[in-house]
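Colleague: For reference, this is my_file_12.pdb, and it has PDB, C-alpha atoms, pLDDT in the B column.
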```pdb
ATOM      1  CA  MET A   1     192.644 -49.773  56.267  1.00 42.00           C
ATOM      2  CA  THR A   2     193.049 -46.987  58.823  1.00 45.00           C
ATOM      3  CA  SER A   3     194.042 -43.562  57.550  1.00 47.00           C
ATOM      4  CA  LEU A   4     195.911 -40.948  59.572  1.00 46.00           C
ATOM      5  CA  VAL A   5     196.344 -37.671  57.758  1.00 46.00           C
ATOM      6  CA  ASN A   6     198.005 -34.407  58.789  1.00 43.00           C
ATOM      7  CA  PRO A   7     196.386 -31.017  58.427  1.00 40.00           C
ATOM      8  CA  PRO A   8     196.983 -29.420  54.984  1.00 40.00           C
ATOM      9  CA  ASP A   9     200.709 -28.709  55.479  1.00 45.00           C
ATOM     10  CA  ALA A  10     202.014 -32.209  54.804  1.00 43.00           C
ATOM     11  CA  SER A  11     205.511 -31.170  55.903  1.00 44.00           C
ATOM     12  CA  ALA A  12     204.282 -30.383  59.436  1.00 48.00           C
ATOM     13  CA  PRO A  13     204.780 -33.081  62.064  1.00 49.00           C
ATOM     14  CA  LEU A  14     201.801 -35.336  62.738  1.00 51.00           C
ATOM     15  CA  GLY A  15     199.331 -33.468  64.929  1.00 51.00           C
ATOM     16  CA  ALA A  16     201.219 -30.166  64.654  1.00 51.00           C
ATOM     17  CA  HIS A  17     197.888 -28.361  64.876  1.00 66.00           C
ATOM     18  CA  GLY A  18     196.761 -30.237  67.954  1.00 90.00           C
ATOM     19  CA  VAL A  19     194.428 -32.766  66.332  1.00 94.00           C
ATOM     20  CA  VAL A  20     194.619 -35.879  64.181  1.00 93.00           C
ATOM     21  CA  ALA A  21     191.808 -37.164  61.937  1.00 94.00           C
ATOM     22  CA  VAL A  22     191.351 -40.934  61.757  1.00 95.00           C
ATOM     23  CA  GLY A  23     189.205 -42.925  59.325  1.00 94.00           C
ATOM     24  CA  HIS A  24     188.389 -46.518  60.238  1.00 94.00           C
ATOM     25  CA  ALA A  25     185.622 -49.036  59.551  1.00 94.00           C
ATOM     26  CA  GLY A  26     183.026 -46.521  58.376  1.00 92.00           C
ATOM     27  CA  HIS A  27     183.801 -44.001  61.121  1.00 94.00           C
ATOM     28  CA  VAL A  28     185.694 -40.730  61.381  1.00 96.00           C
ATOM     29  CA  LEU A  29     187.320 -39.692  64.641  1.00 96.00           C
ATOM     30  CA  LEU A  30     189.067 -36.513  65.654  1.00 96.00           C
ATOM     31  CA  LEU A  31     191.756 -37.127  68.262  1.00 96.00           C
ATOM     32  CA  GLU A  32     193.718 -34.797  70.482  1.00 94.00           C
ATOM     33  CA  ALA A  33     197.269 -35.249  69.161  1.00 93.00           C
ATOM     34  CA  ALA A  34     199.000 -34.902  72.523  1.00 92.00           C
ATOM     35  CA  THR A  35     196.913 -37.515  74.358  1.00 93.00           C
ATOM     36  CA  GLY A  36     194.950 -39.555  71.818  1.00 94.00           C
ATOM     37  CA  ARG A  37     191.715 -38.513  73.542  1.00 96.00           C
ATOM     38  CA  VAL A  38     188.696 -38.820  71.218  1.00 96.00           C
ATOM     39  CA  ILE A  39     187.212 -35.353  70.674  1.00 96.00           C
ATOM     40  CA  TRP A  40     184.369 -36.634  68.503  1.00 96.00           C
ATOM     41  CA  GLU A  41     183.422 -39.687  66.455  1.00 97.00           C
ATOM     42  CA  ARG A  42     180.933 -39.923  63.582  1.00 96.00           C
ATOM     43  CA  SER A  43     179.497 -42.933  61.780  1.00 94.00           C
ATOM     44  CA  LEU A  44     179.322 -42.200  58.042  1.00 93.00           C
ATOM     45  CA  ALA A  45     176.656 -44.863  57.426  1.00 89.00           C
ATOM     46  CA  GLY A  46     173.996 -42.722  59.108  1.00 86.00           C
ATOM     47  CA  MET A  47     174.612 -39.726  56.861  1.00 85.00           C
ATOM     48  CA  GLY A  48     172.263 -39.385  53.909  1.00 78.00           C
ATOM     49  CA  GLY A  49     172.125 -42.729  52.141  1.00 76.00           C
ATOM     50  CA  ALA A  50     175.685 -43.786  52.937  1.00 82.00           C
ATOM     51  CA  THR A  51     174.825 -47.196  54.410  1.00 84.00           C
ATOM     52  CA  ALA A  52     177.445 -48.741  52.080  1.00 85.00           C
ATOM     53  CA  CYS A  53     180.097 -47.180  54.352  1.00 86.00           C
ATOM     54  CA  THR A  54     179.302 -49.534  57.236  1.00 90.00           C
ATOM     55  CA  GLY A  55     182.580 -51.191  58.250  1.00 90.00           C
ATOM     56  CA  GLN A  56     184.413 -49.948  55.125  1.00 89.00           C
ATOM     57  CA  PRO A  57     187.785 -48.169  54.802  1.00 90.00           C
ATOM     58  CA  VAL A  58     187.658 -44.378  55.168  1.00 92.00           C
ATOM     59  CA  SER A  59     190.191 -41.942  53.695  1.00 92.00           C
ATOM     60  CA  VAL A  60     190.530 -38.663  55.600  1.00 93.00           C
ATOM     61  CA  ALA A  61     192.160 -35.275  55.066  1.00 92.00           C
ATOM     62  CA  MET A  62     191.937 -31.942  56.849  1.00 91.00           C
ATOM     63  CA  ALA A  63     191.535 -28.563  55.159  1.00 88.00           C
ATOM     64  CA  GLY A  64     189.927 -25.213  55.842  1.00 86.00           C
ATOM     65  CA  GLY A  65     188.342 -26.114  59.174  1.00 90.00           C
ATOM     66  CA  LEU A  66     186.944 -29.370  57.792  1.00 93.00           C
ATOM     67  CA  VAL A  67     187.695 -33.049  58.077  1.00 94.00           C
ATOM     68  CA  LEU A  68     187.121 -34.495  54.609  1.00 93.00           C
ATOM     69  CA  ALA A  69     186.239 -38.185  54.467  1.00 93.00           C
ATOM     70  CA  GLY A  70     185.927 -40.498  51.470  1.00 91.00           C
ATOM     71  CA  CYS A  71     184.201 -43.871  51.676  1.00 90.00           C
ATOM     72  CA  MET A  72     182.539 -46.161  49.110  1.00 88.00           C
ATOM     73  CA  GLY A  73     181.940 -43.385  46.576  1.00 85.00           C
ATOM     74  CA  HIS A  74     180.799 -40.803  49.110  1.00 88.00           C
ATOM     75  CA  VAL A  75     182.707 -37.661  50.090  1.00 90.00           C
ATOM     76  CA  PHE A  76     181.828 -35.950  53.379  1.00 93.00           C
ATOM     77  CA  ALA A  77     182.902 -32.623  54.881  1.00 94.00           C
ATOM     78  CA  LEU A  78     182.676 -32.597  58.670  1.00 95.00           C
ATOM     79  CA  ALA A  79     183.292 -29.498  60.800  1.00 95.00           C
ATOM     80  CA  ILE A  80     186.488 -29.885  62.819  1.00 94.00           C
ATOM     81  CA  ALA A  81     184.866 -28.138  65.779  1.00 93.00           C
ATOM     82  CA  ASP A  82     182.035 -30.628  66.340  1.00 95.00           C
ATOM     83  CA  GLY A  83     182.009 -33.243  63.554  1.00 95.00           C
ATOM     84  CA  LEU A  84     178.693 -32.055  62.152  1.00 95.00           C
ATOM     85  CA  LEU A  85     178.080 -32.653  58.449  1.00 94.00           C
ATOM     86  CA  GLU A  86     178.699 -29.534  56.346  1.00 95.00           C
ATOM     87  CA  TRP A  87     178.152 -31.166  52.938  1.00 93.00           C
ATOM     88  CA  GLN A  88     178.185 -34.526  51.189  1.00 91.00           C
ATOM     89  CA  VAL A  89     178.680 -35.692  47.593  1.00 87.00           C
ATOM     90  CA  ASP A  90     177.580 -39.088  46.259  1.00 84.00           C
ATOM     91  CA  CYS A  91     179.918 -40.302  43.483  1.00 80.00           C
ATOM     92  CA  ARG A  92     178.765 -43.939  43.474  1.00 73.00           C
ATOM     93  CA  GLY A  93     177.540 -43.727  39.879  1.00 67.00           C
ATOM     94  CA  ARG A  94     181.173 -43.848  38.787  1.00 64.00           C
ATOM     95  CA  GLY A  95     181.752 -47.387  40.078  1.00 59.00           C
ATOM     96  CA  VAL A  96     182.760 -49.071  43.316  1.00 61.00           C
ATOM     97  CA  GLY A  97     185.930 -49.170  45.356  1.00 62.00           C
ATOM     98  CA  GLU A  98     187.955 -47.133  47.791  1.00 66.00           C
ATOM     99  CA  THR A  99     187.463 -43.368  47.697  1.00 70.00           C
ATOM    100  CA  SER A 100     190.679 -41.361  48.063  1.00 67.00           C
ATOM    101  CA  LEU A 101     191.176 -37.671  48.831  1.00 68.00           C
ATOM    102  CA  SER A 102     193.825 -35.074  48.117  1.00 69.00           C
ATOM    103  CA  VAL A 103     194.168 -31.607  49.618  1.00 68.00           C
ATOM    104  CA  PRO A 104     196.520 -29.024  48.069  1.00 65.00           C
ATOM    105  CA  ASN A 105     199.517 -27.809  50.006  1.00 63.00           C
ATOM    106  CA  PRO A 106     198.747 -24.236  51.203  1.00 59.00           C
ATOM    107  CA  LYS A 107     201.919 -23.018  49.457  1.00 55.00           C
ATOM    108  CA  PHE A 108     200.298 -23.880  46.123  1.00 51.00           C
ATOM    109  CA  ALA A 109     196.703 -22.826  46.884  1.00 49.00           C
ATOM    110  CA  HIS A 110     197.125 -19.401  45.231  1.00 47.00           C
ATOM    111  CA  THR A 111     198.487 -21.036  42.070  1.00 48.00           C
ATOM    112  CA  LEU A 112     195.572 -23.494  41.994  1.00 45.00           C
ATOM    113  CA  ARG A 113     193.003 -20.693  42.396  1.00 47.00           C
ATOM    114  CA  GLN A 114     194.625 -18.704  39.570  1.00 49.00           C
ATOM    115  CA  SER A 115     194.678 -21.781  37.333  1.00 47.00           C
ATOM    116  CA  HIS A 116     190.995 -22.423  38.048  1.00 44.00           C
ATOM    117  CA  LEU A 117     190.103 -18.832  37.186  1.00 50.00           C
ATOM    118  CA  ARG A 118     191.873 -19.154  33.834  1.00 49.00           C
ATOM    119  CA  THR A 119     190.185 -22.453  32.917  1.00 47.00           C
ATOM    120  CA  SER A 120     186.737 -22.075  34.503  1.00 46.00           C
ATOM    121  CA  GLY A 121     185.475 -19.880  31.701  1.00 49.00           C
ATOM    122  CA  SER A 122     186.908 -21.986  28.915  1.00 45.00           C
ATOM    123  CA  GLY A 123     184.467 -24.865  29.108  1.00 46.00           C
ATOM    124  CA  HIS A 124     187.007 -27.332  30.559  1.00 44.00           C
TER     125      HIS A 124
END
```
Show the structure stored in the file as C-alpha cells.
Modeller:
Amino acid sequence: MTSLVNPPDASAPLGAHGVVAVGHAGHVLLLEAATGRVIWERSLAGMGGATACTGQPVSVAMAGGLVLAGCMGHVFALAIADGLLEWQVDCRGRGVGETSLSVPNPKFAHTLRQSHLRTSGSGH
C-alpha cells in the first residue's frame, strides 16, 4: 500500500504547502508537489531496530514540521527539511500489523490541548 497524505489541513488541496509525503515499501519520500521531484528519501529499516519495516507498507502524515511515518509497530518523526530522524517509538509489543497515524486538524488543536490539560492530572 502506498500512502499519500496532505499536510495537517486535510481540506487543503494535495500539496498545497509545496510538498507531498509518500510512504511505500519501507521507505518515506518527500516530493515537490509541483513537479514530483524527490527532495529526500529515507529507508525506515535502517533506523534503530526497525528491520521489520523492510518492504512493508508505510503510513505517513505531516504535522508541525515533521513527516510522521508508521510501519510494523514503529512510529518515526522525520524532519521535513532534511528527513533526519527526530524521534522514534517502538510499539511492537502490542502485536503485529499495519501501523496507522492520525494528525488533528489545526482548527481543533486548541480544543485538544485544553482537553489534555483537563485530563492529564486525573490519572487517565
Colleague: Please list, as a PyMOL selection string, the residues that have an atom at most 12 Å away from (179.5, -41.5, 49.5) in the coordinates of this file, counting all atoms listed in the file.
Modeller: chain A and resi 26+44-54+56-59+68-77+87-100
Colleague: Enter the distance from atom CA of A:Gly83 to atom CA of A:Leu30, in Å, rounded to one decimal.
Modeller: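 It comes out at 8.1 Å.
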Colleague: As an exercise, work out the distance from atom CA of A:Gly23 to atom CA of A:Val60 in Å and give it to one decimal place.
Modeller: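 Between atom CA of A:Gly23 and atom CA of A:Val60 the gap is 5.8 Å.
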Colleague: Tell me, in Å to one decimal, how far atom CA of A:Gly18 is from atom CA of A:Ala33.
Modeller: 5.2 Å
